[in-house]
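File shown: protein-v7.tsv. Contents: TSV, C-alpha atoms.
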chain	number	residue	atom	x	y	z
A	1004	MET	CA	38.97	-80.12	-14.81
A	1005	MET	CA	40.60	-76.91	-13.58
A	1006	GLY	CA	43.68	-77.69	-15.64
A	1007	LEU	CA	41.53	-78.04	-18.77
A	1008	ILE	CA	39.77	-74.76	-18.00
A	1009	ALA	CA	43.09	-72.99	-17.48
A	1010	ALA	CA	44.48	-74.42	-20.75
A	1011	PHE	CA	41.52	-73.28	-22.81
A	1012	THR	CA	41.57	-69.87	-21.12
A	1013	LEU	CA	45.24	-69.44	-21.98
A	1014	LEU	CA	44.51	-70.26	-25.62
A	1015	HIS	CA	41.53	-67.88	-25.54
A	1016	VAL	CA	43.56	-64.98	-24.12
A	1017	LEU	CA	46.53	-65.52	-26.45
A	1018	PHE	CA	44.19	-65.76	-29.42
A	1019	TYR	CA	42.59	-62.36	-28.76
A	1020	LEU	CA	45.86	-60.67	-27.86
A	1021	ARG	CA	47.31	-61.89	-31.14
A	1022	LEU	CA	44.27	-60.54	-33.01
A	1023	ALA	CA	44.61	-57.17	-31.26
A	1024	ARG	CA	48.26	-56.95	-32.32
A	1025	GLY	CA	47.41	-58.06	-35.86
A	1026	TRP	CA	44.65	-55.44	-36.23
A	1027	LYS	CA	46.99	-52.69	-35.12
A	1028	LYS	CA	49.58	-53.76	-37.72
A	1029	ILE	CA	47.21	-53.61	-40.72
A	1030	PRO	CA	48.27	-50.54	-42.74
A	1031	ALA	CA	45.76	-47.84	-43.61
A	1032	ILE	CA	45.01	-47.35	-47.30
A	1033	GLN	CA	46.77	-44.39	-48.89
A	1034	SER	CA	45.00	-42.18	-51.45
A	1035	LYS	CA	46.22	-41.93	-55.04
A	1036	GLU	CA	45.46	-39.72	-58.02
A	1037	SER	CA	44.99	-42.31	-60.80
A	1038	MET	CA	41.50	-43.78	-61.27
A	1039	ILE	CA	40.25	-47.09	-62.62
A	1040	PRO	CA	36.75	-48.09	-63.81
A	1041	PHE	CA	34.47	-50.34	-61.75
A	1042	SER	CA	31.43	-52.54	-62.26
A	1043	VAL	CA	29.26	-52.55	-59.10
A	1044	ILE	CA	27.06	-55.65	-58.79
A	1045	ILE	CA	23.99	-55.77	-56.53
A	1046	PRO	CA	22.09	-59.10	-56.41
A	1047	VAL	CA	18.46	-58.52	-55.41
A	1048	ARG	CA	15.40	-60.53	-54.46
A	1049	ASN	CA	12.36	-58.74	-53.05
A	1050	GLU	CA	14.15	-55.48	-52.20
A	1051	GLU	CA	11.39	-52.96	-52.94
A	1052	ASN	CA	11.98	-51.24	-49.58
A	1053	THR	CA	15.74	-50.87	-49.90
A	1054	ILE	CA	16.74	-50.62	-53.55
A	1055	GLU	CA	16.14	-46.87	-53.85
A	1056	SER	CA	18.42	-46.03	-50.91
A	1057	ILE	CA	21.40	-48.01	-52.18
A	1058	LEU	CA	21.08	-46.53	-55.67
A	1059	ARG	CA	20.88	-43.00	-54.22
A	1060	ASN	CA	24.06	-43.75	-52.26
A	1061	LEU	CA	25.76	-44.81	-55.48
A	1062	ASN	CA	24.48	-41.73	-57.29
A	1063	ILE	CA	26.27	-39.35	-54.91
A	1064	GLN	CA	29.62	-41.12	-55.05
A	1065	ASP	CA	32.57	-38.75	-55.24
A	1066	TYR	CA	33.86	-40.55	-58.31
A	1067	PRO	CA	33.50	-39.80	-62.04
A	1068	LYS	CA	30.16	-41.23	-63.19
A	1069	GLU	CA	31.70	-42.40	-66.46
A	1070	LEU	CA	34.10	-44.62	-64.50
A	1071	TYR	CA	31.53	-46.92	-62.93
A	1072	GLU	CA	28.46	-48.86	-63.91
A	1073	VAL	CA	25.91	-50.49	-61.62
A	1074	ILE	CA	24.47	-53.91	-62.48
A	1075	VAL	CA	21.39	-54.99	-60.54
A	1076	VAL	CA	20.76	-58.71	-60.94
A	1077	ASP	CA	17.20	-59.79	-60.18
A	1078	ASP	CA	16.81	-63.22	-58.59
A	1079	PHE	CA	13.11	-63.72	-59.42
A	1080	SER	CA	11.76	-60.96	-57.19
A	1081	GLU	CA	8.09	-61.34	-56.31
A	1082	ASP	CA	7.45	-57.78	-55.12
A	1083	GLU	CA	7.76	-54.32	-56.69
A	1084	THR	CA	11.57	-54.30	-56.95
A	1085	ILE	CA	11.62	-54.25	-60.75
A	1086	ASN	CA	8.99	-51.50	-60.98
A	1087	LYS	CA	11.00	-49.45	-58.50
A	1088	LEU	CA	14.09	-49.85	-60.66
A	1089	LYS	CA	12.19	-48.68	-63.74
A	1090	GLN	CA	10.96	-45.61	-61.86
A	1091	LEU	CA	14.45	-44.76	-60.61
A	1092	SER	CA	16.46	-45.35	-63.78
A	1093	GLY	CA	15.79	-41.91	-65.28
A	1094	SER	CA	16.91	-40.01	-62.18
A	1095	LEU	CA	20.37	-41.57	-61.86
A	1096	ASP	CA	23.56	-40.12	-63.31
A	1097	PHE	CA	25.51	-43.35	-63.67
A	1098	THR	CA	24.98	-46.25	-66.08
A	1099	LEU	CA	22.43	-48.65	-64.58
A	1100	ARG	CA	21.77	-52.05	-66.06
A	1101	VAL	CA	19.18	-54.52	-64.80
A	1102	ILE	CA	19.53	-58.18	-65.75
A	1103	HIS	CA	17.39	-61.14	-64.78
A	1104	LEU	CA	18.09	-64.76	-63.97
A	1105	GLU	CA	16.21	-66.85	-66.50
A	1106	ASP	CA	15.99	-70.40	-65.12
A	1107	LYS	CA	14.08	-70.79	-61.85
A	1108	LYS	CA	15.86	-74.08	-61.23
A	1109	ILE	CA	19.16	-72.20	-61.21
A	1110	ASN	CA	18.69	-69.38	-58.73
A	1111	GLY	CA	20.25	-67.83	-55.65
A	1112	LYS	CA	22.82	-65.19	-54.79
A	1113	LYS	CA	25.81	-66.98	-56.32
A	1114	GLN	CA	24.00	-67.43	-59.61
A	1115	ALA	CA	23.02	-63.74	-59.55
A	1116	LEU	CA	26.58	-62.64	-58.81
A	1117	THR	CA	27.94	-64.90	-61.54
A	1118	ALA	CA	25.51	-63.41	-64.05
A	1119	GLY	CA	26.61	-59.93	-62.97
A	1120	VAL	CA	30.29	-60.73	-63.39
A	1121	ILE	CA	29.69	-62.16	-66.86
A	1122	ALA	CA	27.78	-59.02	-67.85
A	1123	ALA	CA	30.32	-56.60	-66.32
A	1124	VAL	CA	32.04	-54.25	-68.74
A	1125	HIS	CA	34.93	-53.42	-66.42
A	1126	GLU	CA	37.70	-55.62	-65.09
A	1127	THR	CA	37.37	-54.58	-61.43
A	1128	ILE	CA	34.20	-55.74	-59.69
A	1129	LEU	CA	32.62	-54.41	-56.49
A	1130	THR	CA	29.74	-56.16	-54.73
A	1131	THR	CA	27.32	-54.95	-52.08
A	1132	ASP	CA	23.77	-55.67	-50.89
A	1133	ALA	CA	20.57	-53.74	-51.46
A	1134	ASP	CA	20.02	-53.06	-47.74
A	1135	CYS	CA	23.41	-51.40	-47.23
A	1136	GLU	CA	24.40	-47.77	-46.75
A	1137	LEU	CA	27.55	-46.47	-48.45
A	1138	ASP	CA	29.81	-43.51	-47.77
A	1139	LYS	CA	30.15	-41.08	-50.68
A	1140	ASN	CA	33.83	-42.09	-50.98
A	1141	TRP	CA	33.15	-45.82	-51.04
A	1142	ILE	CA	34.21	-46.37	-54.66
A	1143	ARG	CA	37.17	-44.00	-54.29
A	1144	SER	CA	38.44	-46.04	-51.31
A	1145	TYR	CA	38.50	-49.15	-53.50
A	1146	ASN	CA	40.30	-47.22	-56.20
A	1147	ASP	CA	42.98	-46.41	-53.63
A	1148	ALA	CA	43.21	-50.05	-52.54
A	1149	PHE	CA	43.61	-51.68	-55.94
A	1150	ASP	CA	47.00	-51.68	-57.65
A	1151	GLU	CA	48.46	-53.84	-60.42
A	1152	LEU	CA	49.31	-56.65	-57.94
A	1153	THR	CA	45.92	-56.77	-56.21
A	1154	ASN	CA	43.30	-59.37	-57.14
A	1155	MET	CA	40.91	-58.98	-54.21
A	1156	VAL	CA	40.04	-56.39	-51.57
A	1157	ALA	CA	37.82	-57.16	-48.55
A	1158	GLY	CA	35.99	-54.17	-47.11
A	1159	PRO	CA	34.64	-53.50	-43.59
A	1160	VAL	CA	30.95	-53.93	-42.71
A	1161	ALA	CA	29.29	-52.46	-39.61
A	1162	ILE	CA	25.93	-53.20	-38.00
A	1163	ARG	CA	23.74	-50.18	-37.28
A	1164	GLY	CA	20.63	-49.90	-35.14
A	1165	LYS	CA	19.15	-48.65	-31.87
A	1166	GLY	CA	18.90	-50.44	-28.56
A	1167	LEU	CA	20.96	-53.02	-26.69
A	1168	PHE	CA	20.15	-55.87	-29.08
A	1169	ALA	CA	21.48	-53.85	-32.02
A	1170	ARG	CA	24.62	-52.92	-30.09
A	1171	LEU	CA	25.22	-56.58	-29.19
A	1172	GLN	CA	25.10	-57.39	-32.90
A	1173	GLN	CA	27.39	-54.45	-33.57
A	1174	VAL	CA	30.19	-55.60	-31.26
A	1175	GLU	CA	29.83	-59.22	-32.39
A	1176	PHE	CA	30.18	-58.26	-36.04
A	1177	ALA	CA	33.04	-55.86	-35.29
A	1178	GLY	CA	34.87	-58.82	-33.79
A	1179	LEU	CA	34.14	-60.97	-36.83
A	1180	MET	CA	35.30	-58.23	-39.20
A	1181	GLY	CA	38.48	-57.71	-37.22
A	1182	PHE	CA	39.14	-61.45	-37.18
A	1183	GLY	CA	38.65	-61.59	-40.94
A	1184	ALA	CA	40.92	-58.58	-41.48
A	1185	VAL	CA	43.79	-60.01	-39.44
A	1186	THR	CA	43.62	-63.47	-41.00
A	1187	ILE	CA	43.55	-61.98	-44.52
A	1188	SER	CA	46.59	-59.89	-43.69
A	1189	ASP	CA	48.30	-63.02	-42.35
A	1190	GLU	CA	47.57	-64.90	-45.62
A	1191	ASN	CA	45.49	-67.32	-43.56
A	1192	PRO	CA	41.95	-66.23	-44.49
A	1193	SER	CA	38.88	-66.94	-42.38
A	1194	MET	CA	36.08	-64.66	-43.58
A	1195	CYS	CA	34.97	-61.56	-45.44
A	1196	SER	CA	31.59	-60.08	-46.40
A	1197	GLY	CA	30.01	-59.93	-49.84
A	1198	ALA	CA	28.27	-56.75	-48.69
A	1199	ASN	CA	31.62	-55.01	-49.21
A	1200	LEU	CA	33.96	-56.82	-51.54
A	1201	GLY	CA	36.10	-56.13	-54.60
A	1202	PHE	CA	37.89	-58.48	-57.00
A	1203	ARG	CA	39.31	-58.74	-60.48
A	1204	LYS	CA	37.06	-60.33	-63.09
A	1205	LYS	CA	40.02	-62.28	-64.48
A	1206	ALA	CA	40.80	-63.75	-61.04
A	1207	PHE	CA	37.14	-64.72	-60.56
A	1208	GLU	CA	37.15	-66.52	-63.90
A	1209	GLU	CA	40.50	-68.21	-63.32
A	1210	VAL	CA	39.38	-69.83	-60.04
A	1211	GLY	CA	36.09	-70.90	-61.63
A	1212	GLY	CA	33.93	-68.42	-59.72
A	1213	TYR	CA	31.61	-70.39	-57.45
A	1214	ALA	CA	31.81	-73.61	-59.51
A	1215	ASN	CA	32.87	-75.81	-56.58
A	1216	ASN	CA	30.16	-74.48	-54.23
A	1217	LEU	CA	27.51	-73.03	-56.56
A	1218	PHE	CA	24.54	-74.76	-54.94
A	1219	THR	CA	25.56	-74.02	-51.35
A	1220	PRO	CA	23.33	-71.00	-50.60
A	1221	SER	CA	25.77	-69.30	-48.24
A	1222	GLY	CA	29.49	-68.57	-48.50
A	1223	ASP	CA	29.65	-66.69	-51.80
A	1224	ASP	CA	32.13	-64.31	-50.20
A	1225	GLU	CA	34.29	-66.67	-48.16
A	1226	PHE	CA	34.67	-69.49	-50.69
A	1227	LEU	CA	35.72	-66.97	-53.33
A	1228	LEU	CA	38.17	-65.44	-50.83
A	1229	PHE	CA	39.75	-68.83	-50.11
A	1230	ASN	CA	40.03	-69.74	-53.80
A	1231	ILE	CA	41.55	-66.43	-54.91
A	1232	MET	CA	44.03	-66.31	-52.02
A	1233	LYS	CA	45.07	-69.89	-52.73
A	1234	ARG	CA	45.47	-69.31	-56.48
A	1235	PHE	CA	47.02	-65.82	-56.16
A	1236	PRO	CA	49.03	-65.58	-52.91
A	1237	ARG	CA	49.79	-62.14	-51.48
A	1238	SER	CA	47.33	-60.39	-53.78
A	1239	THR	CA	44.45	-59.86	-51.32
A	1240	ARG	CA	44.20	-57.07	-48.77
A	1241	PHE	CA	41.80	-55.69	-46.18
A	1242	LEU	CA	40.51	-52.18	-46.89
A	1243	LYS	CA	41.31	-50.39	-43.64
A	1244	ALA	CA	39.70	-47.04	-44.42
A	1245	LYS	CA	36.84	-45.41	-42.55
A	1246	ASN	CA	35.13	-44.18	-45.72
A	1247	ALA	CA	35.05	-47.77	-46.96
A	1248	VAL	CA	32.80	-48.91	-44.09
A	1249	VAL	CA	29.47	-50.25	-45.34
A	1250	ASN	CA	26.58	-50.07	-42.87
A	1251	THR	CA	23.91	-52.74	-42.74
A	1252	PRO	CA	20.84	-52.76	-40.45
A	1253	ALA	CA	20.70	-54.80	-37.27
A	1254	HIS	CA	18.04	-57.44	-36.84
A	1255	VAL	CA	15.09	-56.24	-34.81
A	1256	ASN	CA	14.12	-59.61	-33.36
A	1257	ILE	CA	15.80	-62.82	-32.20
A	1258	GLY	CA	14.11	-64.97	-34.86
A	1259	SER	CA	15.55	-63.12	-37.85
A	1260	PHE	CA	18.96	-62.96	-36.16
A	1261	ILE	CA	19.06	-66.72	-35.58
A	1262	ASN	CA	17.86	-67.34	-39.12
A	1263	GLN	CA	20.72	-65.25	-40.56
A	1264	ARG	CA	23.37	-66.81	-38.33
A	1265	SER	CA	22.03	-70.25	-39.25
A	1266	ARG	CA	22.59	-69.38	-42.90
A	1267	TRP	CA	26.11	-68.20	-42.18
A	1268	THR	CA	27.12	-71.21	-40.08
A	1269	SER	CA	25.54	-73.67	-42.54
A	1270	LYS	CA	28.59	-73.29	-44.78
A	1271	TRP	CA	30.94	-74.75	-42.15
A	1272	LYS	CA	30.14	-78.32	-43.16
A	1273	HIS	CA	30.97	-77.46	-46.79
A	1274	ASN	CA	34.22	-75.65	-45.98
A	1275	LYS	CA	37.30	-77.58	-47.11
A	1276	ASN	CA	39.72	-75.20	-45.39
A	1277	TRP	CA	40.94	-77.28	-42.43
A	1278	LYS	CA	42.19	-74.22	-40.54
A	1279	VAL	CA	38.75	-72.62	-40.60
A	1280	ARG	CA	37.18	-75.90	-39.49
A	1281	LEU	CA	39.72	-76.23	-36.68
A	1282	ASN	CA	38.98	-72.70	-35.48
A	1283	ALA	CA	35.24	-73.45	-35.46
A	1284	VAL	CA	35.77	-76.66	-33.47
A	1285	LEU	CA	38.11	-74.97	-30.98
A	1286	PHE	CA	35.64	-72.10	-30.46
A	1287	PHE	CA	32.88	-74.62	-29.82
A	1288	PHE	CA	34.87	-76.60	-27.23
A	1289	ASP	CA	36.31	-73.46	-25.64
A	1290	TYR	CA	32.85	-72.23	-24.76
A	1291	LEU	CA	31.62	-75.73	-23.92
A	1292	VAL	CA	34.39	-76.02	-21.32
A	1293	PHE	CA	33.62	-72.53	-20.01
A	1294	TYR	CA	29.94	-73.38	-19.52
A	1295	GLY	CA	30.96	-76.64	-17.88
A	1296	ALA	CA	33.05	-74.62	-15.44
A	1297	ILE	CA	30.06	-72.43	-14.56
A	1298	VAL	CA	27.97	-75.55	-13.93
A	1299	GLY	CA	30.82	-76.83	-11.77
A	1300	VAL	CA	30.60	-73.68	-9.62
A	1301	PHE	CA	26.87	-74.25	-9.00
A	1302	LEU	CA	27.58	-77.88	-8.11
A	1303	GLN	CA	30.31	-76.65	-5.71
A	1304	LEU	CA	32.95	-78.61	-7.60
A	1305	ILE	CA	35.00	-75.58	-8.69
A	1306	ASP	CA	36.12	-72.51	-6.75
A	1307	PRO	CA	33.93	-69.54	-7.81
A	1308	ILE	CA	36.81	-67.08	-7.29
A	1309	PHE	CA	38.92	-69.09	-9.77
A	1310	ILE	CA	36.14	-68.97	-12.39
A	1311	ALA	CA	35.54	-65.25	-11.76
A	1312	GLY	CA	39.22	-64.61	-12.48
A	1313	ILE	CA	39.01	-66.75	-15.63
A	1314	ALA	CA	35.93	-64.86	-16.83
A	1315	LEU	CA	37.65	-61.50	-16.23
A	1316	LEU	CA	40.72	-62.55	-18.22
A	1317	ARG	CA	38.57	-63.77	-21.09
A	1318	PHE	CA	36.56	-60.57	-21.19
A	1319	TYR	CA	39.55	-58.25	-20.99
A	1320	SER	CA	41.43	-60.00	-23.79
A	1321	MET	CA	38.37	-59.83	-26.03
A	1322	TYR	CA	37.81	-56.16	-25.15
A	1323	ILE	CA	41.40	-55.24	-26.06
A	1324	PHE	CA	40.75	-56.61	-29.54
A	1325	VAL	CA	37.12	-55.65	-30.23
A	1326	ALA	CA	37.14	-52.08	-28.87
A	1327	PRO	CA	39.61	-50.64	-31.45
A	1328	VAL	CA	37.82	-52.42	-34.30
A	1329	ASN	CA	34.43	-51.16	-33.14
A	1330	THR	CA	35.82	-47.63	-32.86
A	1331	PHE	CA	37.19	-47.87	-36.39
A	1332	MET	CA	33.71	-48.91	-37.55
A	1333	ASN	CA	32.27	-45.78	-35.90
A	1334	GLY	CA	30.48	-47.94	-33.36
A	1335	LYS	CA	29.24	-46.66	-30.02
A	1336	LYS	CA	30.93	-47.50	-26.73
A	1337	THR	CA	32.03	-51.11	-26.56
A	1338	PHE	CA	32.31	-51.95	-22.86
A	1339	LEU	CA	28.69	-52.58	-21.75
A	1340	PRO	CA	27.42	-54.47	-24.83
A	1341	LEU	CA	30.59	-56.55	-24.92
A	1342	LEU	CA	30.20	-57.38	-21.23
A	1343	VAL	CA	26.62	-58.58	-21.84
A	1344	PHE	CA	27.77	-60.31	-25.00
A	1345	GLN	CA	30.48	-62.19	-23.10
A	1346	ILE	CA	27.82	-63.61	-20.78
A	1347	ILE	CA	25.48	-64.87	-23.50
A	1348	TYR	CA	28.00	-65.62	-26.27
A	1349	PRO	CA	28.93	-69.13	-25.06
A	1350	LEU	CA	25.30	-70.19	-25.42
A	1351	HIS	CA	25.18	-68.53	-28.83
A	1352	VAL	CA	28.28	-70.40	-30.04
A	1353	LEU	CA	27.03	-73.76	-28.75
A	1354	PHE	CA	23.56	-73.31	-30.23
A	1355	MET	CA	24.86	-72.18	-33.64
A	1356	GLY	CA	27.41	-74.97	-33.72
A	1357	MET	CA	24.68	-77.58	-33.32
A	1358	ASN	CA	22.28	-75.74	-35.60
A	1359	SER	CA	24.85	-75.63	-38.41
A	1360	ILE	CA	24.73	-79.43	-38.48
A	1361	PHE	CA	21.07	-80.19	-37.82
A	1362	GLY	CA	19.15	-76.94	-38.42
A	1363	SER	CA	17.43	-75.30	-41.36
A	1364	TYR	CA	16.77	-71.68	-42.31
A	1365	THR	CA	14.73	-69.48	-44.62
A	1366	TRP	CA	16.34	-66.87	-46.87
A	1367	LYS	CA	14.53	-64.58	-49.30
A	1368	GLY	CA	11.43	-66.74	-49.11
A	1369	ARG	CA	13.32	-70.00	-49.78
A	1370	LYS	CA	13.91	-72.74	-47.25
A	1371	TYR	CA	17.28	-74.49	-47.00
A	1372	ARG	CA	18.78	-77.30	-44.92
Translate this file's structure into structure tokens.
Amino acid sequence: MMGLIAAFTLLHVLFYLRLARGWKKIPAIQSKESMIPFSVIIPVRNEENTIESILRNLNIQDYPKELYEVIVVDDFSEDETINKLKQLSGSLDFTLRVIHLEDKKINGKKQALTAGVIAAVHETILTTDADCELDKNWIRSYNDAFDELTNMVAGPVAIRGKGLFARLQQVEFAGLMGFGAVTISDENPSMCSGANLGFRKKAFEEVGGYANNLFTPSGDDEFLLFNIMKRFPRSTRFLKAKNAVVNTPAHVNIGSFINQRSRWTSKWKHNKNWKVRLNAVLFFFDYLVFYGAIVGVFLQLIDPIFIAGIALLRFYSMYIFVAPVNTFMNGKKTFLPLLVFQIIYPLHVLFMGMNSIFGSYTWKGRKYR
């Protein structure tokens, strides 16, 4: 048993040290003078409380207004979202277009994004969510990232909120973003976020958009990432620029957090990328073995000093990786929330792993399995 624990710990430590080195090697984006036009797509469903803020953020972009349009795609909202858009349209300086999905049997975020891409005037597409907060140089950062060889750019997303629960989410998501950034840079993609993503319309069309996963509610970002990187090698990059960071609010209660993570992990069973599946399985068994070791300590089967040393190594290797990423995301101090996170994360991984297979979730008023 101790040999198995030591083996998994070695893999765990080497994994995070490799990620830390990979994050450090990702080059920062350099500014350039030339400018290209963009179509910004925002899929919405019941966003009456957030739509004004995101449009105001887009209205103060330090980028020529004639060089970007914003397309809001309504996914059968049942609140005052559309009325809010009508009220706001006259006060915005950029071109705003609102389009609507027409068939209630064909709905969801991927359908909304697809409709937005089809309607887009410009070749370079940016996507974000209605509940996000953007820096005034957000579009400019993407302009700096795209060149004639680039088909996709994945941007950084940070969790914002007050209190320990929000900070736990912050360090978790910083780790996920860093992991995604390193694997994209290694041409071995794992994840990205549709809340901050850019791609060429032609590349989207050439890989068939979301055709092979259209009716899987989650994974619009990651499946597109995998398909574009497979079809167009060495044409995707991570946008390592502080003014590209998109902020999204933390969940205020455990229920909504679990519901969101259930939606995210539900795509694992549909993922055909064997490397991503292998990583998910190894994560699951890594933490299963670690919890088994803790149980072994309570049953007096394993030396507690040995397990304490193992736990310290695991925490320190994760801290070396997550702390610089969290700092880049303008996050608060990493040590305490990551320490708490390290204690509860094994349970989180085990629960979400099982829930991805057997659980269900609700998203935007719709229930999925």
re CA of Asp1224 in chain A and CA of Ala1206 in chain A: distance 13.9 Å
Dump as CSV the rows for residues of range 1133-1233 of chain A within 6 Å of range 1051-1074 of chain A: closest atom pair and distance in Å with one decimal, all atoms listed in the file counted, ordered by chain and rising residue number.
residue,atom,partner,partner_atom,distance
A:Ala1133,CA,A:Ile1054,CA,5.4
A:Asp1134,CA,A:Thr1053,CA,5.3
A:Leu1137,CA,A:Asn1060,CA,5.8
A:Lys1139,CA,A:Gln1064,CA,4.4
A:Asn1140,CA,A:Asp1065,CA,5.6
Counting all atoms listed in the file, note down every residue that has an atom within 8 Å of the point (25.7, -54.5, -51.8) (file coordinates), as a list in words.
Ile1044, Ile1045, Pro1046, Ile1057, Thr1130, Thr1131, Asp1132, Ala1133, Asp1134, Cys1135, Gly1197, Ala1198 and Asn1199 of chain A
Closest atom pairs, residues of range 1208-1253 of chain A within 9 Å of range 1029-1035 of chain A, all atoms listed in the file, as CSV:
residue,atom,partner,partner_atom,distance
A:Phe1241,CA,A:Ile1029,CA,8.0
A:Leu1242,CA,A:Ile1032,CA,6.6
A:Lys1243,CA,A:Ala1031,CA,5.1
A:Ala1244,CA,A:Ile1032,CA,6.0
